[in-house]
Amino acid sequence: MPKSMRYAILEAIQGEMRRDKWLTLLYEYQSPAASWGGRRIDLEKEFGRWRARFSAIDENWIVGGAMGMSMIGVRAIAHIPSMTTLIPYELMFNHAGKLRHMTGGQAAFPMVLWADMQGRAPFQAGQHADAGLESSYARLAGLKVVIPSNPYDAKGLMISAIRQVDPVVFCQYPVPASGPEVPDEPYSVPIGQAAIRSEGNDITIVGYAPQTVEIAKAVEQLKQRRISAEFIDPRTLAPLEQVTETIVASVKKTGRLLTSDDGSYSFCNCAEIIARVAEAVPGAKFKRLAFPDAPPPGAPEMINYMRVNAADIIAAAEKMVRG
Amino acid sequence: MNKEDHISEPKTELCLKEKGSQAVSRRTFIQSLGAIGVGSAFFSAGAVKQVKAQPVSTNAEGLSNEQLIDMYTDMLKIRLWETKIKDLALKGSFRGVAHLYVGEEAIAVGVCSALRKDDYIASTHRGHGHLIAKGGDMNLMLAEITHKATGYCKGYGGSLHITDMNLGILGMNGIVGASHLMGAGAAYGVKVKGTDQVVVSFGGDGSIQGSFFTSAANSAATYGLPWISVIENNQYQIWVRCSDVYAIRDLARRADGYGIESRVVDGNDVLAVYDVAKYAVEKARDGGGPTVIECKTYRWYDHYGFRGAQIGRDGAFGLGYRSDRELRAWITKDPIPRFRRFLVGEKVLTEARANEMLQEVNQTVEKAAAFAEAQPVPEPKDGLLNVFAQGSVPLHKT
């Protein structure tokens, strides 16, 4: 059985906590422990309570505390649960993201906001099944935002995030284990670089996190319909410059960009990607698939109808290529 | 203020130049510390019992003459530096904004005098005084608040955001309440590092109602962090009277709900503030956990800017939300001449030396103004730098 995303992330943090004797994790109730293949990681047991500290249900403390620590040079990870994504928004917006600039480069926040994110899962409803909030963070100045789609990227991006001097928002969506095997040793996946998951000539398809599962299915079926799709996973949403270059190069080749997003249609992150590519590749065709501008309903009949799936992607791609 | 009070119009720039003030003996003065103003009250965690402060005089008694003179100098620096800003602004030769601290100098100096250089402070929008008291360079501060390229923050920040990480100044901060949270976070970091530093978070009376104070106080209490929250209760939250928006009068009582020891002190009495701060600092350094200190004081000028102010006159008069009488009453409690009387009475200073000091600090302030005036403005394109540790962000105009 491959390592889960959660185990891969904890393995990343464990390695970094061994390297950096001050690195500290603040969290709420999600105990930083996991097992895989007879091995067990337990950060509190290994590093003690001061460095792996559960807190009250208080995201402002978890994130604000991590900010204050990191400001005096103690690297910190703030782990918050999925229904609280925007509670620490003000802290990230007005402090972590701005204070380096406001202080002329004096202040630094070497911290990671490790945000559990929810996909568009049924039986959760409204507050517990929202998605796409990463775009809220990605639009803020001074923050880096990464969003792994498999355990390999999750471990490598978490290590990169911890080693950054800049504040990083690390968005962890529930995604089934796929992709390359996760090595036991530390390695880094560079922040800012997209991954080309499959190459093709007819259309470029962009998406991340749970949508990569739908896109991967669609790409296989499109192949059978003689449509060659290039699938790009941005992995980083801010800063977006390098990712844009990769997608622009692809769209210059294919002439078509289809994006698939679990976020709400308006202002979803792929809307930003389309806008950037449209400026750079005039004359290309564009289509944005996303969740409607509605809260996620709990009943599976409704949410599954509203969410973008592989069939939607196939239909849109065929229309763009043939229609 | 009691309407029956008969308060005479204070003399202009008054109190600093006041002559022939009545001397008070050191012993008498120190013994009276606990009784001055609101007094120094102590709320123990777990029960709202008000007891006389523990030997309040002990810490202040330990101050050397040199330390006392340094404290007086710092208070003068704050007063005159900010008064200079007011004068520049009223003459129309000031580019920037300012939230003046005048009238509250005893708090910054009393607290920061109890700190070591390697201790931290997290400051507020009204933080010039905190920074000067912590050792901030008045030249670089004035260059910064006029947004010059060589100011503390290279012109990016201005008045609300001056920072000097080398002096343990985690920055002024324009978002009310953030100083509490940043400071408590830093205090957690101190525990992880295993040093004996302490962190002071300054905040106004308006800073304790938002959730940041709650998050800071609960964590500081639960984990026993070396954190001191200094609530500068200057009676107004922007233009709203504190007593119109809080049901309690002694804001330090909030601390009890988190299990934090707290004290209320006369914020216009530098020795009383020092005394309590020293106690809290030593306690925190010894692993005794946090303290909340409420300092009762008054803001002589408007929330920000210079409305109602004049060159050559202390205080902003004619503001709609408060009475001039109230302001005059507080000006008679000016912390600076009060401390000067003590120092002269104790023969720490002579009147002549005190007057000389005033001139010396004035000269330093004039030099700071000249320095700031001569500094270059920033390069426009530098606005694209310092977003991240490396590189610049694109302008996207072409």
# chains A, B, ... in the order shown; residues from 1 in each chain; ligands from 1
>>> interface_residues(of="chain A", to="chain B", cutoff="10 Å", atoms="only C-alpha atoms", output="MDAnalysis selection string")
chainID A and resid 21:24 50:51 55:76 90:91 94:95 97:109 141:144 164:167 239 241
>>> write_last_selection(atoms="C-alpha atoms", output="JSON list (two decimals), in the first residue's frame")
[["chain", "number", "residue", "atom", "x", "y", "z"],
["A", 21, "LYS", "CA", 15.46, 22.03, 16.68],
["A", 22, "TRP", "CA", 13.00, 24.92, 16.98],
["A", 23, "LEU", "CA", 10.48, 24.03, 14.28],
["A", 24, "THR", "CA", 7.12, 23.86, 16.03],
["A", 50, "TRP", "CA", 6.20, 22.41, 23.30],
["A", 51, "ARG", "CA", 7.02, 21.61, 19.69],
["A", 55, "SER", "CA", -4.61, 24.14, 21.32],
["A", 56, "ALA", "CA", -8.12, 25.21, 22.15],
["A", 57, "ILE", "CA", -10.53, 25.53, 19.22],
["A", 58, "ASP", "CA", -8.86, 28.80, 18.35],
["A", 59, "GLU", "CA", -7.54, 29.21, 14.83],
["A", 60, "ASN", "CA", -6.51, 32.78, 15.58],
["A", 61, "TRP", "CA", -4.12, 31.47, 18.21],
["A", 62, "ILE", "CA", -2.82, 28.66, 16.02],
["A", 63, "VAL", "CA", -2.08, 30.98, 13.13],
["A", 64, "GLY", "CA", -1.33, 34.18, 15.08],
["A", 65, "GLY", "CA", 0.85, 32.27, 17.51],
["A", 66, "ALA", "CA", 2.77, 30.72, 14.63],
["A", 67, "MET", "CA", 3.20, 34.18, 13.13],
["A", 68, "GLY", "CA", 4.57, 35.66, 16.35],
["A", 69, "MET", "CA", 6.96, 32.74, 16.79],
["A", 70, "SER", "CA", 8.19, 32.89, 13.24],
["A", 71, "MET", "CA", 8.76, 36.63, 13.54],
["A", 72, "ILE", "CA", 11.45, 35.95, 16.16],
["A", 73, "GLY", "CA", 13.00, 33.20, 14.08],
["A", 74, "VAL", "CA", 11.21, 30.12, 15.39],
["A", 75, "ARG", "CA", 9.81, 28.38, 12.32],
["A", 76, "ALA", "CA", 6.26, 27.24, 12.80],
["A", 90, "GLU", "CA", -7.16, 38.64, 8.44],
["A", 91, "LEU", "CA", -3.91, 37.47, 10.01],
["A", 94, "ASN", "CA", -2.82, 42.03, 6.89],
["A", 95, "HIS", "CA", 0.15, 40.62, 8.76],
["A", 97, "GLY", "CA", 1.44, 38.75, 3.79],
["A", 98, "LYS", "CA", 2.24, 42.41, 4.27],
["A", 99, "LEU", "CA", 4.69, 42.98, 7.09],
["A", 100, "ARG", "CA", 7.84, 42.16, 5.14],
["A", 101, "HIS", "CA", 6.90, 44.85, 2.65],
["A", 102, "MET", "CA", 5.61, 47.30, 5.25],
["A", 103, "THR", "CA", 8.83, 47.04, 7.23],
["A", 104, "GLY", "CA", 11.09, 47.48, 4.21],
["A", 105, "GLY", "CA", 12.22, 43.87, 4.33],
["A", 106, "GLN", "CA", 12.89, 43.63, 8.08],
["A", 107, "ALA", "CA", 10.10, 41.30, 9.13],
["A", 108, "ALA", "CA", 9.99, 37.69, 8.00],
["A", 109, "PHE", "CA", 7.41, 35.00, 8.66],
["A", 141, "ALA", "CA", 0.11, 39.76, -1.71],
["A", 142, "GLY", "CA", 3.11, 38.26, 0.02],
["A", 143, "LEU", "CA", 1.81, 34.71, 0.42],
["A", 144, "LYS", "CA", 2.82, 31.59, -1.45],
["A", 164, "GLN", "CA", 10.93, 29.05, 2.83],
["A", 165, "VAL", "CA", 11.58, 32.39, 4.49],
["A", 166, "ASP", "CA", 8.18, 33.53, 3.19],
["A", 167, "PRO", "CA", 4.81, 32.49, 4.60],
["A", 239, "PRO", "CA", 3.18, 33.15, -7.21],
["A", 241, "GLU", "CA", 4.35, 33.46, -12.99]]
>>> residues_around(residues="segment 96-108 of chain B", least_positions_apart="4", cutoff="6 Å", atoms="only C-alpha atoms", output="PyMOL selection string")
chain B and resi 75+79+112+126+129-130+133+146+159+267-270+299-300+304-305
>>> select_by_dssp(residues="segment 235-380 of chain B", states="helix (DSSP H, G or I)", output="MDAnalysis selection string")
chainID B and resid 242:245 251:258 270:285 324:331 335:345 351:374 380
>>> residues_around(residues="Cys295 of chain B", least_positions_apart="2", cutoff="7 Å", atoms="only C-alpha atoms", output="ChimeraX atom specification")
/B:231-233,264-267,293,297
>>> select_by_dssp(residues="segment 15-245 of chain B", states="strand (DSSP E or B)", output="list of chain:residue names")
B:Ala41, B:Phe42, B:Phe43, B:Gln50, B:Val51, B:Lys52, B:Tyr120, B:Ile121, B:Ala122, B:Asp164, B:Ile169, B:Val199, B:Val200, B:Ser201, B:Phe202, B:Gly203, B:Gly204, B:Trp227, B:Ile228, B:Ser229, B:Val230, B:Ile231, B:Glu232, B:Asn233, B:Tyr236, B:Gln237, B:Val240, B:Arg241
>>> write_last_selection(atoms="C-alpha atoms", output="mmCIF file, in the first residue's frame")
data_model
loop_
_atom_site.group_PDB
_atom_site.id
_atom_site.type_symbol
_atom_site.label_atom_id
_atom_site.label_comp_id
_atom_site.auth_asym_id
_atom_site.auth_seq_id
_atom_site.Cartn_x
_atom_site.Cartn_y
_atom_site.Cartn_z
ATOM 1 C CA ALA B 41 -4.745 47.309 42.445
ATOM 2 C CA PHE B 42 -4.094 43.635 42.165
ATOM 3 C CA PHE B 43 -6.549 41.088 40.924
ATOM 4 C CA GLN B 50 -8.795 43.633 45.225
ATOM 5 C CA VAL B 51 -5.828 43.943 47.488
ATOM 6 C CA LYS B 52 -3.217 46.554 48.057
ATOM 7 C CA TYR B 120 10.638 42.099 22.766
ATOM 8 C CA ILE B 121 7.842 44.598 22.422
ATOM 9 C CA ALA B 122 4.873 44.464 20.054
ATOM 10 C CA ASP B 164 13.461 47.649 14.415
ATOM 11 C CA ILE B 169 10.765 45.881 18.345
ATOM 12 C CA VAL B 199 7.585 39.946 25.522
ATOM 13 C CA VAL B 200 5.449 43.005 26.141
ATOM 14 C CA SER B 201 2.370 43.629 24.016
ATOM 15 C CA PHE B 202 1.057 47.155 24.157
ATOM 16 C CA GLY B 203 -2.558 47.814 23.268
ATOM 17 C CA GLY B 204 -5.158 50.476 23.850
ATOM 18 C CA TRP B 227 4.018 37.670 28.182
ATOM 19 C CA ILE B 228 2.931 40.997 29.582
ATOM 20 C CA SER B 229 -0.030 42.790 28.113
ATOM 21 C CA VAL B 230 0.009 46.502 28.808
ATOM 22 C CA ILE B 231 -3.413 48.040 28.268
ATOM 23 C CA GLU B 232 -3.062 51.770 27.786
ATOM 24 C CA ASN B 233 -6.510 52.940 28.771
ATOM 25 C CA TYR B 236 -11.140 56.735 23.916
ATOM 26 C CA GLN B 237 -11.364 54.220 21.099
ATOM 27 C CA VAL B 240 -15.771 56.669 21.082
ATOM 28 C CA ARG B 241 -15.644 56.965 24.825
#
>>> decode(residues="segment 272-304 of chain B", atoms="N, CA and C atoms", output="JSON list (two decimals), in the first residue's frame")
[["chain", "number", "residue", "atom", "x", "y", "z"],
["B", 272, "ALA", "N", 5.30, 54.42, 39.23],
["B", 272, "ALA", "CA", 4.28, 53.41, 39.54],
["B", 272, "ALA", "C", 4.20, 52.39, 38.40],
["B", 273, "VAL", "N", 4.28, 52.88, 37.17],
["B", 273, "VAL", "CA", 4.24, 51.97, 36.02],
["B", 273, "VAL", "C", 5.47, 51.06, 36.04],
["B", 274, "TYR", "N", 6.62, 51.69, 36.27],
["B", 274, "TYR", "CA", 7.86, 50.91, 36.33],
["B", 274, "TYR", "C", 7.76, 49.81, 37.37],
["B", 275, "ASP", "N", 7.26, 50.21, 38.51],
["B", 275, "ASP", "CA", 7.17, 49.29, 39.63],
["B", 275, "ASP", "C", 6.40, 48.02, 39.28],
["B", 276, "VAL", "N", 5.25, 48.22, 38.71],
["B", 276, "VAL", "CA", 4.41, 47.08, 38.35],
["B", 276, "VAL", "C", 5.04, 46.31, 37.19],
["B", 277, "ALA", "N", 5.58, 47.05, 36.22],
["B", 277, "ALA", "CA", 6.19, 46.39, 35.06],
["B", 277, "ALA", "C", 7.37, 45.54, 35.49],
["B", 278, "LYS", "N", 8.18, 46.08, 36.39],
["B", 278, "LYS", "CA", 9.37, 45.36, 36.86],
["B", 278, "LYS", "C", 8.94, 44.05, 37.53],
["B", 279, "TYR", "N", 7.90, 44.15, 38.33],
["B", 279, "TYR", "CA", 7.38, 42.95, 38.98],
["B", 279, "TYR", "C", 6.96, 41.91, 37.94],
["B", 280, "ALA", "N", 6.21, 42.38, 36.94],
["B", 280, "ALA", "CA", 5.70, 41.46, 35.92],
["B", 280, "ALA", "C", 6.83, 40.87, 35.08],
["B", 281, "VAL", "N", 7.82, 41.69, 34.78],
["B", 281, "VAL", "CA", 8.94, 41.23, 33.95],
["B", 281, "VAL", "C", 9.75, 40.18, 34.70],
["B", 282, "GLU", "N", 10.05, 40.46, 35.95],
["B", 282, "GLU", "CA", 10.84, 39.49, 36.73],
["B", 282, "GLU", "C", 10.07, 38.18, 36.90],
["B", 283, "LYS", "N", 8.78, 38.32, 37.14],
["B", 283, "LYS", "CA", 7.94, 37.13, 37.29],
["B", 283, "LYS", "C", 7.97, 36.30, 36.00],
["B", 284, "ALA", "N", 7.79, 36.97, 34.88],
["B", 284, "ALA", "CA", 7.78, 36.25, 33.60],
["B", 284, "ALA", "C", 9.13, 35.60, 33.33],
["B", 285, "ARG", "N", 10.20, 36.33, 33.66],
["B", 285, "ARG", "CA", 11.55, 35.80, 33.42],
["B", 285, "ARG", "C", 11.83, 34.57, 34.27],
["B", 286, "ASP", "N", 11.22, 34.55, 35.44],
["B", 286, "ASP", "CA", 11.42, 33.41, 36.35],
["B", 286, "ASP", "C", 10.44, 32.28, 36.08],
["B", 287, "GLY", "N", 9.70, 32.37, 34.99],
["B", 287, "GLY", "CA", 8.78, 31.27, 34.67],
["B", 287, "GLY", "C", 7.42, 31.41, 35.33],
["B", 288, "GLY", "N", 7.11, 32.59, 35.85],
["B", 288, "GLY", "CA", 5.85, 32.79, 36.57],
["B", 288, "GLY", "C", 4.66, 33.11, 35.69],
["B", 289, "GLY", "N", 4.89, 33.20, 34.38],
["B", 289, "GLY", "CA", 3.77, 33.39, 33.46],
["B", 289, "GLY", "C", 3.37, 34.84, 33.26],
["B", 290, "PRO", "N", 2.22, 35.03, 32.62],
["B", 290, "PRO", "CA", 1.83, 36.36, 32.14],
["B", 290, "PRO", "C", 1.22, 37.28, 33.20],
["B", 291, "THR", "N", 1.18, 38.55, 32.87],
["B", 291, "THR", "CA", 0.51, 39.57, 33.68],
["B", 291, "THR", "C", -0.16, 40.54, 32.72],
["B", 292, "VAL", "N", -1.33, 41.01, 33.13],
["B", 292, "VAL", "CA", -1.98, 42.10, 32.40],
["B", 292, "VAL", "C", -1.91, 43.35, 33.27],
["B", 293, "ILE", "N", -1.42, 44.43, 32.68],
["B", 293, "ILE", "CA", -1.30, 45.70, 33.40],
["B", 293, "ILE", "C", -2.15, 46.74, 32.69],
["B", 294, "GLU", "N", -3.11, 47.28, 33.40],
["B", 294, "GLU", "CA", -3.90, 48.37, 32.81],
["B", 294, "GLU", "C", -3.37, 49.70, 33.33],
["B", 295, "CYS", "N", -3.04, 50.60, 32.43],
["B", 295, "CYS", "CA", -2.53, 51.91, 32.81],
["B", 295, "CYS", "C", -3.57, 52.96, 32.43],
["B", 296, "LYS", "N", -4.06, 53.67, 33.44],
["B", 296, "LYS", "CA", -5.06, 54.71, 33.17],
["B", 296, "LYS", "C", -4.34, 55.98, 32.72],
["B", 297, "THR", "N", -4.75, 56.49, 31.59],
["B", 297, "THR", "CA", -4.06, 57.67, 31.06],
["B", 297, "THR", "C", -5.01, 58.45, 30.17],
["B", 298, "TYR", "N", -4.45, 59.33, 29.37],
["B", 298, "TYR", "CA", -5.28, 60.18, 28.51],
["B", 298, "TYR", "C", -4.49, 60.61, 27.29],
["B", 299, "ARG", "N", -5.21, 60.68, 26.18],
["B", 299, "ARG", "CA", -4.60, 61.07, 24.90],
["B", 299, "ARG", "C", -4.83, 62.57, 24.71],
["B", 300, "TRP", "N", -3.75, 63.32, 24.66],
["B", 300, "TRP", "CA", -3.92, 64.78, 24.61],
["B", 300, "TRP", "C", -4.38, 65.26, 23.24],
["B", 301, "TYR", "N", -4.06, 64.50, 22.20],
["B", 301, "TYR", "CA", -4.43, 64.94, 20.86],
["B", 301, "TYR", "C", -5.55, 64.06, 20.31],
["B", 302, "ASP", "N", -5.94, 64.34, 19.08],
["B", 302, "ASP", "CA", -7.00, 63.58, 18.44],
["B", 302, "ASP", "C", -6.51, 62.16, 18.16],
["B", 303, "HIS", "N", -7.43, 61.29, 17.77],
["B", 303, "HIS", "CA", -7.04, 59.90, 17.47],
["B", 303, "HIS", "C", -5.85, 59.88, 16.50],
["B", 304, "TYR", "N", -5.98, 60.60, 15.41],
["B", 304, "TYR", "CA", -4.83, 60.77, 14.53],
["B", 304, "TYR", "C", -4.87, 62.19, 14.01]]
